[in-house]
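Participant: I'd like to ask some things about the structure below.
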Amino acid sequence: MNNVNLNTRRFNRYAGNAGLAALVVAASMTIASTQAMAAVVCFNTPIPVPATTAGVYVNLFTGATGLTAAGTADWDFNPWAGTSGTLLNLFSPGAPQGHVSSGGVISNLPTGTLVDGTSTYTASASSATAMGTYRAGVNPGYLGVRFAQAGVTYFAWVSMTTASPGGIPATINNWCFENTAGTGITVGTTPVSLQKFSVD
């Protein structure tokens, strides 16, 4: 065997090992950065709100829905119609669940608003004042929501479309939440996989 072939084999072995090492380092960095990042989880199937006093019960964590509280395990969010079937109301199962409010009025949040532990929350709303914005009609409106699963608190935004003059008919368009406990979410934030890009 001549020296040229021997040196070539040694170089190829070195390059192969170096390449493998580089791949391992890159993979480690990717895993570490992925683990360090909080993940946004979204549900994008529209859900009509029945014009009933039960409305619809939603588990924001799993995406499960139902027409009764008993039939919807660990539900977090319940939009419903008043006894007239025309007035939109919101109900939560109790602290720490709630909807972002300002002065007792359920807020229609602009995109870019941070929903977190510093926000003010109202557990349930059925008065004309509290529900005024959503009964007047929004297309779409954005609710900030705090909810709990297995004793862990999460933050979400929920997009709804409602109709004047009472808010019904109404539709839950979609929602997203931060799956890292106690981490806030910015209204309108979606995972990169759901975002649309254009090249100019």
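Identifiers in the structure tokens: chain A, B, ... in order shown; residue index from 1 per chain; ligand index from 1 in order shown.
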May I have the residues within 12 Å of Gly182 in chain A as a JSON list (two decimals) with C-alpha atoms, in the first residue's frame, using only C-alpha atoms and disregarding those fewer than 3 positions away in the same chain?
Facilitator:
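This went into around16.json:
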[["chain", "number", "residue", "atom", "x", "y", "z"],
["A", 38, "ALA", "CA", -42.01, 26.82, 25.91],
["A", 96, "PRO", "CA", -57.90, 30.07, 39.43],
["A", 115, "VAL", "CA", -51.93, 37.14, 29.14],
["A", 116, "ASP", "CA", -50.20, 36.03, 32.33],
["A", 117, "GLY", "CA", -50.29, 36.12, 36.12],
["A", 118, "THR", "CA", -50.31, 39.95, 36.20],
["A", 146, "ARG", "CA", -56.41, 31.48, 32.85],
["A", 147, "PHE", "CA", -57.17, 27.82, 33.50],
["A", 148, "ALA", "CA", -55.88, 24.89, 35.56],
["A", 149, "GLN", "CA", -55.30, 21.22, 34.87],
["A", 151, "GLY", "CA", -53.40, 21.74, 39.86],
["A", 152, "VAL", "CA", -51.20, 23.48, 37.28],
["A", 153, "THR", "CA", -52.08, 26.94, 35.96],
["A", 154, "TYR", "CA", -51.90, 27.78, 32.24],
["A", 155, "PHE", "CA", -52.66, 30.86, 30.16],
["A", 156, "ALA", "CA", -54.51, 30.98, 26.85],
["A", 177, "PHE", "CA", -52.19, 28.08, 25.25],
["A", 178, "GLU", "CA", -48.66, 27.92, 26.64],
["A", 179, "ASN", "CA", -47.99, 24.37, 27.82],
["A", 185, "ILE", "CA", -48.91, 33.84, 26.18]]
Participant: Please identify which residues in range 83-196 of chain A DSSP calls strand (DSSP E) from the backbone, and express them as a PDB file with N, CA, C and O atoms, in the first residue's frame.
Facilitator:
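Output (states25.pdb):
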ATOM      1  N   LEU A  88     -75.215  36.216  25.342  1.00  0.00           N
ATOM      2  CA  LEU A  88     -73.994  35.447  25.598  1.00  0.00           C
ATOM      3  C   LEU A  88     -73.489  35.692  27.014  1.00  0.00           C
ATOM      4  O   LEU A  88     -73.458  36.832  27.503  1.00  0.00           O
ATOM      5  N   ASN A  89     -73.089  34.608  27.674  1.00  0.00           N
ATOM      6  CA  ASN A  89     -72.500  34.669  29.011  1.00  0.00           C
ATOM      7  C   ASN A  89     -71.268  33.769  29.035  1.00  0.00           C
ATOM      8  O   ASN A  89     -71.099  32.892  28.179  1.00  0.00           O
ATOM      9  N   LEU A  90     -70.431  33.959  30.046  1.00  0.00           N
ATOM     10  CA  LEU A  90     -69.243  33.116  30.219  1.00  0.00           C
ATOM     11  C   LEU A  90     -69.223  32.562  31.632  1.00  0.00           C
ATOM     12  O   LEU A  90     -69.565  33.267  32.585  1.00  0.00           O
ATOM     13  N   PHE A  91     -68.790  31.307  31.745  1.00  0.00           N
ATOM     14  CA  PHE A  91     -68.718  30.668  33.056  1.00  0.00           C
ATOM     15  C   PHE A  91     -67.413  29.895  33.162  1.00  0.00           C
ATOM     16  O   PHE A  91     -66.918  29.336  32.180  1.00  0.00           O
ATOM     17  N   GLY A  98     -60.473  31.838  34.892  1.00  0.00           N
ATOM     18  CA  GLY A  98     -61.118  33.131  34.715  1.00  0.00           C
ATOM     19  C   GLY A  98     -60.784  33.736  33.373  1.00  0.00           C
ATOM     20  O   GLY A  98     -59.957  33.217  32.616  1.00  0.00           O
ATOM     21  N   HIS A  99     -61.455  34.864  33.085  1.00  0.00           N
ATOM     22  CA  HIS A  99     -61.287  35.570  31.824  1.00  0.00           C
ATOM     23  C   HIS A  99     -60.707  36.948  32.120  1.00  0.00           C
ATOM     24  O   HIS A  99     -61.113  37.606  33.080  1.00  0.00           O
ATOM     25  N   VAL A 100     -59.779  37.405  31.297  1.00  0.00           N
ATOM     26  CA  VAL A 100     -59.172  38.716  31.512  1.00  0.00           C
ATOM     27  C   VAL A 100     -60.256  39.788  31.426  1.00  0.00           C
ATOM     28  O   VAL A 100     -61.076  39.795  30.504  1.00  0.00           O
ATOM     29  N   SER A 101     -60.248  40.678  32.425  1.00  0.00           N
ATOM     30  CA  SER A 101     -61.253  41.735  32.473  1.00  0.00           C
ATOM     31  C   SER A 101     -60.607  43.049  32.893  1.00  0.00           C
ATOM     32  O   SER A 101     -59.498  43.075  33.435  1.00  0.00           O
ATOM     33  N   SER A 102     -61.323  44.100  32.621  1.00  0.00           N
ATOM     34  CA  SER A 102     -60.893  45.429  33.058  1.00  0.00           C
ATOM     35  C   SER A 102     -62.101  46.122  33.651  1.00  0.00           C
ATOM     36  O   SER A 102     -63.108  46.315  32.956  1.00  0.00           O
ATOM     37  N   VAL A 105     -65.349  44.281  33.191  1.00  0.00           N
ATOM     38  CA  VAL A 105     -65.809  44.063  31.819  1.00  0.00           C
ATOM     39  C   VAL A 105     -64.864  43.069  31.141  1.00  0.00           C
ATOM     40  O   VAL A 105     -63.639  43.255  31.164  1.00  0.00           O
ATOM     41  N   ILE A 106     -65.427  42.017  30.565  1.00  0.00           N
ATOM     42  CA  ILE A 106     -64.602  41.033  29.872  1.00  0.00           C
ATOM     43  C   ILE A 106     -63.947  41.709  28.669  1.00  0.00           C
ATOM     44  O   ILE A 106     -64.622  42.282  27.820  1.00  0.00           O
ATOM     45  N   LEU A 114     -50.111  40.537  26.326  1.00  0.00           N
ATOM     46  CA  LEU A 114     -49.623  39.422  27.134  1.00  0.00           C
ATOM     47  C   LEU A 114     -50.688  39.008  28.145  1.00  0.00           C
ATOM     48  O   LEU A 114     -51.211  39.839  28.888  1.00  0.00           O
ATOM     49  N   VAL A 115     -51.003  37.714  28.151  1.00  0.00           N
ATOM     50  CA  VAL A 115     -51.927  37.138  29.139  1.00  0.00           C
ATOM     51  C   VAL A 115     -51.078  36.323  30.095  1.00  0.00           C
ATOM     52  O   VAL A 115     -50.459  35.329  29.703  1.00  0.00           O
ATOM     53  N   TYR A 121     -58.546  38.908  36.401  1.00  0.00           N
ATOM     54  CA  TYR A 121     -59.449  37.873  35.896  1.00  0.00           C
ATOM     55  C   TYR A 121     -60.811  37.924  36.586  1.00  0.00           C
ATOM     56  O   TYR A 121     -60.911  38.213  37.772  1.00  0.00           O
ATOM     57  N   THR A 122     -61.855  37.629  35.814  1.00  0.00           N
ATOM     58  CA  THR A 122     -63.212  37.470  36.316  1.00  0.00           C
ATOM     59  C   THR A 122     -63.640  36.038  36.009  1.00  0.00           C
ATOM     60  O   THR A 122     -63.535  35.592  34.864  1.00  0.00           O
ATOM     61  N   GLY A 141     -63.192  38.452  18.293  1.00  0.00           N
ATOM     62  CA  GLY A 141     -62.731  39.019  19.551  1.00  0.00           C
ATOM     63  C   GLY A 141     -61.732  38.056  20.180  1.00  0.00           C
ATOM     64  O   GLY A 141     -61.742  36.861  19.871  1.00  0.00           O
ATOM     65  N   TYR A 142     -60.877  38.571  21.038  1.00  0.00           N
ATOM     66  CA  TYR A 142     -59.869  37.732  21.690  1.00  0.00           C
ATOM     67  C   TYR A 142     -59.986  37.840  23.207  1.00  0.00           C
ATOM     68  O   TYR A 142     -59.824  38.911  23.773  1.00  0.00           O
ATOM     69  N   LEU A 143     -60.293  36.701  23.815  1.00  0.00           N
ATOM     70  CA  LEU A 143     -60.372  36.593  25.271  1.00  0.00           C
ATOM     71  C   LEU A 143     -59.043  36.103  25.813  1.00  0.00           C
ATOM     72  O   LEU A 143     -58.424  35.212  25.231  1.00  0.00           O
ATOM     73  N   GLY A 144     -58.633  36.637  26.941  1.00  0.00           N
ATOM     74  CA  GLY A 144     -57.510  36.059  27.676  1.00  0.00           C
ATOM     75  C   GLY A 144     -58.080  35.140  28.733  1.00  0.00           C
ATOM     76  O   GLY A 144     -59.053  35.495  29.410  1.00  0.00           O
ATOM     77  N   VAL A 145     -57.532  33.948  28.869  1.00  0.00           N
ATOM     78  CA  VAL A 145     -58.088  32.968  29.803  1.00  0.00           C
ATOM     79  C   VAL A 145     -56.986  32.356  30.654  1.00  0.00           C
ATOM     80  O   VAL A 145     -55.914  32.013  30.154  1.00  0.00           O
ATOM     81  N   ARG A 146     -57.274  32.227  31.930  1.00  0.00           N
ATOM     82  CA  ARG A 146     -56.406  31.478  32.851  1.00  0.00           C
ATOM     83  C   ARG A 146     -57.164  30.213  33.238  1.00  0.00           C
ATOM     84  O   ARG A 146     -58.339  30.270  33.586  1.00  0.00           O
ATOM     85  N   PHE A 147     -56.489  29.060  33.143  1.00  0.00           N
ATOM     86  CA  PHE A 147     -57.168  27.815  33.498  1.00  0.00           C
ATOM     87  C   PHE A 147     -56.187  26.880  34.197  1.00  0.00           C
ATOM     88  O   PHE A 147     -54.981  27.114  34.201  1.00  0.00           O
ATOM     89  N   ALA A 148     -56.719  25.828  34.800  1.00  0.00           N
ATOM     90  CA  ALA A 148     -55.881  24.892  35.555  1.00  0.00           C
ATOM     91  C   ALA A 148     -56.208  23.463  35.160  1.00  0.00           C
ATOM     92  O   ALA A 148     -57.356  23.118  34.899  1.00  0.00           O
ATOM     93  N   GLN A 149     -55.168  22.658  35.099  1.00  0.00           N
ATOM     94  CA  GLN A 149     -55.305  21.218  34.871  1.00  0.00           C
ATOM     95  C   GLN A 149     -54.372  20.512  35.839  1.00  0.00           C
ATOM     96  O   GLN A 149     -53.182  20.838  35.905  1.00  0.00           O
ATOM     97  N   VAL A 152     -52.188  22.640  37.953  1.00  0.00           N
ATOM     98  CA  VAL A 152     -51.196  23.479  37.279  1.00  0.00           C
ATOM     99  C   VAL A 152     -51.920  24.568  36.494  1.00  0.00           C
ATOM    100  O   VAL A 152     -52.898  24.306  35.800  1.00  0.00           O
ATOM    101  N   THR A 153     -51.441  25.815  36.623  1.00  0.00           N
ATOM    102  CA  THR A 153     -52.082  26.943  35.962  1.00  0.00           C
ATOM    103  C   THR A 153     -51.456  27.214  34.595  1.00  0.00           C
ATOM    104  O   THR A 153     -50.235  27.203  34.447  1.00  0.00           O
ATOM    105  N   TYR A 154     -52.319  27.464  33.608  1.00  0.00           N
ATOM    106  CA  TYR A 154     -51.896  27.777  32.245  1.00  0.00           C
ATOM    107  C   TYR A 154     -52.617  29.038  31.777  1.00  0.00           C
ATOM    108  O   TYR A 154     -53.658  29.412  32.323  1.00  0.00           O
ATOM    109  N   PHE A 155     -52.062  29.652  30.725  1.00  0.00           N
ATOM    110  CA  PHE A 155     -52.656  30.857  30.163  1.00  0.00           C
ATOM    111  C   PHE A 155     -52.931  30.649  28.678  1.00  0.00           C
ATOM    112  O   PHE A 155     -52.143  30.017  27.976  1.00  0.00           O
ATOM    113  N   ALA A 156     -54.064  31.197  28.224  1.00  0.00           N
ATOM    114  CA  ALA A 156     -54.507  30.977  26.848  1.00  0.00           C
ATOM    115  C   ALA A 156     -55.142  32.230  26.278  1.00  0.00           C
ATOM    116  O   ALA A 156     -55.532  33.140  27.017  1.00  0.00           O
ATOM    117  N   TRP A 157     -55.259  32.263  24.960  1.00  0.00           N
ATOM    118  CA  TRP A 157     -56.155  33.215  24.300  1.00  0.00           C
ATOM    119  C   TRP A 157     -57.172  32.408  23.512  1.00  0.00           C
ATOM    120  O   TRP A 157     -56.876  31.341  23.001  1.00  0.00           O
ATOM    121  N   VAL A 158     -58.386  32.938  23.474  1.00  0.00           N
ATOM    122  CA  VAL A 158     -59.491  32.286  22.762  1.00  0.00           C
ATOM    123  C   VAL A 158     -60.085  33.297  21.792  1.00  0.00           C
ATOM    124  O   VAL A 158     -60.434  34.412  22.188  1.00  0.00           O
ATOM    125  N   SER A 159     -60.190  32.914  20.526  1.00  0.00           N
ATOM    126  CA  SER A 159     -60.820  33.772  19.517  1.00  0.00           C
ATOM    127  C   SER A 159     -62.285  33.382  19.373  1.00  0.00           C
ATOM    128  O   SER A 159     -62.604  32.208  19.191  1.00  0.00           O
ATOM    129  N   MET A 160     -63.158  34.385  19.469  1.00  0.00           N
ATOM    130  CA  MET A 160     -64.594  34.147  19.300  1.00  0.00           C
ATOM    131  C   MET A 160     -65.186  35.167  18.342  1.00  0.00           C
ATOM    132  O   MET A 160     -64.739  36.313  18.289  1.00  0.00           O
ATOM    133  N   THR A 161     -66.188  34.737  17.613  1.00  0.00           N
ATOM    134  CA  THR A 161     -66.996  35.642  16.803  1.00  0.00           C
ATOM    135  C   THR A 161     -68.394  35.654  17.391  1.00  0.00           C
ATOM    136  O   THR A 161     -68.966  34.586  17.648  1.00  0.00           O
ATOM    137  N   THR A 162     -68.935  36.860  17.644  1.00  0.00           N
ATOM    138  CA  THR A 162     -70.266  36.984  18.233  1.00  0.00           C
ATOM    139  C   THR A 162     -71.086  37.965  17.400  1.00  0.00           C
ATOM    140  O   THR A 162     -70.550  38.718  16.582  1.00  0.00           O
ATOM    141  N   ALA A 170     -72.874  32.677  18.373  1.00  0.00           N
ATOM    142  CA  ALA A 170     -71.451  32.852  18.668  1.00  0.00           C
ATOM    143  C   ALA A 170     -70.696  31.593  18.280  1.00  0.00           C
ATOM    144  O   ALA A 170     -71.244  30.496  18.308  1.00  0.00           O
ATOM    145  N   THR A 171     -69.438  31.779  17.934  1.00  0.00           N
ATOM    146  CA  THR A 171     -68.573  30.659  17.560  1.00  0.00           C
ATOM    147  C   THR A 171     -67.214  30.831  18.210  1.00  0.00           C
ATOM    148  O   THR A 171     -66.646  31.933  18.194  1.00  0.00           O
ATOM    149  N   ILE A 172     -66.707  29.748  18.800  1.00  0.00           N
ATOM    150  CA  ILE A 172     -65.312  29.717  19.231  1.00  0.00           C
ATOM    151  C   ILE A 172     -64.514  29.368  17.984  1.00  0.00           C
ATOM    152  O   ILE A 172     -64.658  28.279  17.429  1.00  0.00           O
ATOM    153  N   ASN A 173     -63.707  30.303  17.514  1.00  0.00           N
ATOM    154  CA  ASN A 173     -62.952  30.078  16.270  1.00  0.00           C
ATOM    155  C   ASN A 173     -61.757  29.165  16.498  1.00  0.00           C
ATOM    156  O   ASN A 173     -61.559  28.190  15.775  1.00  0.00           O
ATOM    157  N   ASN A 174     -60.953  29.486  17.488  1.00  0.00           N
ATOM    158  CA  ASN A 174     -59.753  28.709  17.820  1.00  0.00           C
ATOM    159  C   ASN A 174     -59.183  29.223  19.131  1.00  0.00           C
ATOM    160  O   ASN A 174     -59.658  30.232  19.675  1.00  0.00           O
ATOM    161  N   TRP A 175     -58.180  28.531  19.633  1.00  0.00           N
ATOM    162  CA  TRP A 175     -57.484  28.997  20.829  1.00  0.00           C
ATOM    163  C   TRP A 175     -56.090  28.392  20.888  1.00  0.00           C
ATOM    164  O   TRP A 175     -55.804  27.376  20.267  1.00  0.00           O
ATOM    165  N   CYS A 176     -55.223  29.058  21.655  1.00  0.00           N
ATOM    166  CA  CYS A 176     -53.861  28.576  21.885  1.00  0.00           C
ATOM    167  C   CYS A 176     -53.509  28.781  23.347  1.00  0.00           C
ATOM    168  O   CYS A 176     -53.990  29.729  23.976  1.00  0.00           O
ATOM    169  N   PHE A 177     -52.679  27.892  23.888  1.00  0.00           N
ATOM    170  CA  PHE A 177     -52.190  28.084  25.250  1.00  0.00           C
ATOM    171  C   PHE A 177     -50.720  27.706  25.333  1.00  0.00           C
ATOM    172  O   PHE A 177     -50.208  26.954  24.501  1.00  0.00           O
ATOM    173  N   GLU A 178     -50.056  28.262  26.349  1.00  0.00           N
ATOM    174  CA  GLU A 178     -48.664  27.919  26.639  1.00  0.00           C
ATOM    175  C   GLU A 178     -48.671  26.658  27.485  1.00  0.00           C
ATOM    176  O   GLU A 178     -49.309  26.620  28.535  1.00  0.00           O
ATOM    177  N   ILE A 185     -48.824  33.963  27.635  1.00  0.00           N
ATOM    178  CA  ILE A 185     -48.911  33.841  26.178  1.00  0.00           C
ATOM    179  C   ILE A 185     -49.339  35.181  25.603  1.00  0.00           C
ATOM    180  O   ILE A 185     -50.113  35.910  26.219  1.00  0.00           O
ATOM    181  N   THR A 186     -48.822  35.494  24.438  1.00  0.00           N
ATOM    182  CA  THR A 186     -49.192  36.719  23.740  1.00  0.00           C
ATOM    183  C   THR A 186     -50.357  36.432  22.808  1.00  0.00           C
ATOM    184  O   THR A 186     -50.323  35.465  22.043  1.00  0.00           O
TER     185      THR A 186
END
Participant: Could you name the residues that touch range 56-63 of chain A at 6 Å or less, counting only C-alpha atoms, but leaving out those on the same chain fewer than 5 positions away, as JSON, numbers by chain?
Facilitator: {"A": [49, 75, 76, 77, 78]}
Participant: At a cut-off of 8 Å, using only C-alpha atoms, what residues contact Gly85 in chain A? Leave out same-chain residues fewer than 5 positions from it and give the result as a VMD selection string.
Facilitator: chain A and resid 51 to 53 168
Participant: Just N, CA and C atoms for this one: save the residues we selected as a short mmCIF file (atom, residue, chain, number, x, y, z; two decimals), in the first residue's frame.
Facilitator:
data_model
loop_
_atom_site.label_atom_id
_atom_site.label_comp_id
_atom_site.auth_asym_id
_atom_site.auth_seq_id
_atom_site.Cartn_x
_atom_site.Cartn_y
_atom_site.Cartn_z
N ALA A 51 -77.42 27.92 21.53
CA ALA A 51 -78.25 28.97 22.14
C ALA A 51 -79.07 28.37 23.27
N THR A 52 -78.37 27.80 24.26
CA THR A 52 -79.02 27.14 25.40
C THR A 52 -78.38 27.63 26.69
N THR A 53 -79.04 27.33 27.80
CA THR A 53 -78.47 27.73 29.09
C THR A 53 -77.28 26.87 29.48
N ILE A 168 -75.28 36.20 20.58
CA ILE A 168 -75.65 34.90 20.00
C ILE A 168 -76.31 35.14 18.65
#
Participant: Residues at most 8 Å from Gly137 in chain A, counting only C-alpha atoms, excluding those fewer than 2 positions away in the same chain, as a ChimeraX atom specification?
Facilitator: /A:133-135,139,161-167
Participant: Going by DSSP on the backbone, which residues of range 22-182 of chain A come out as helix (DSSP H, G or I)? List them as a count of residues only.
Facilitator: 19
Participant: By how many Å are CA of Pro46 in chain A and CA of Gly82 in chain A apart?
Facilitator: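 The value is 21.3 Å.
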Participant: Tell me, as a list of chain:residue names, which residues lie within 8 Å of Ala54 in chain A, counting only C-alpha atoms; anything in the same chain fewer than 5 positions away does not count.
Facilitator: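 Non-adjacent residues within range: A:Leu67, A:Thr68, A:Trp80, A:Ala81.
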Participant: Keeping N, CA, C and O atoms for every residue in the selection just given, could you write it to a file as a short mmCIF file (atom, residue, chain, number, x, y, z; two decimals), in the first residue's frame?
Facilitator:
data_model
loop_
_atom_site.label_atom_id
_atom_site.label_comp_id
_atom_site.auth_asym_id
_atom_site.auth_seq_id
_atom_site.Cartn_x
_atom_site.Cartn_y
_atom_site.Cartn_z
N LEU A 67 -71.75 19.05 25.82
CA LEU A 67 -72.92 19.88 26.08
C LEU A 67 -73.33 19.89 27.55
O LEU A 67 -74.29 20.56 27.92
N THR A 68 -72.58 19.13 28.37
CA THR A 68 -72.83 19.14 29.82
C THR A 68 -71.50 19.20 30.55
O THR A 68 -70.48 18.73 30.05
N TRP A 80 -72.25 30.38 27.11
CA TRP A 80 -73.62 29.88 27.08
C TRP A 80 -74.57 31.04 26.82
O TRP A 80 -74.21 32.21 26.96
N ALA A 81 -75.80 30.71 26.46
CA ALA A 81 -76.82 31.73 26.22
C ALA A 81 -77.72 31.84 27.44
O ALA A 81 -77.93 30.86 28.15
#
Participant: How many Å separate CA of Asp74 in chain A from CA of Ala150 in chain A?
Facilitator: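 Taking CA of Asp74 in chain A and CA of Ala150 in chain A, their separation equals 8.8 Å.
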Participant: Counting only C-alpha atoms, which residue out of A:Pro50, A:Pro140, A:Thr180, A:Gln97 sits closest to Thr111 in chain A?
Facilitator: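 Nearest candidate to Thr111 in chain A out of A:Pro50, A:Pro140, A:Thr180, A:Gln97: A:Pro140.
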Participant: What is the CA of Ala70 in chain A-CA of Gly94 in chain A distance in Å, reported with one decimal?
Facilitator: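 Between these atoms lies a distance of 15.3 Å.
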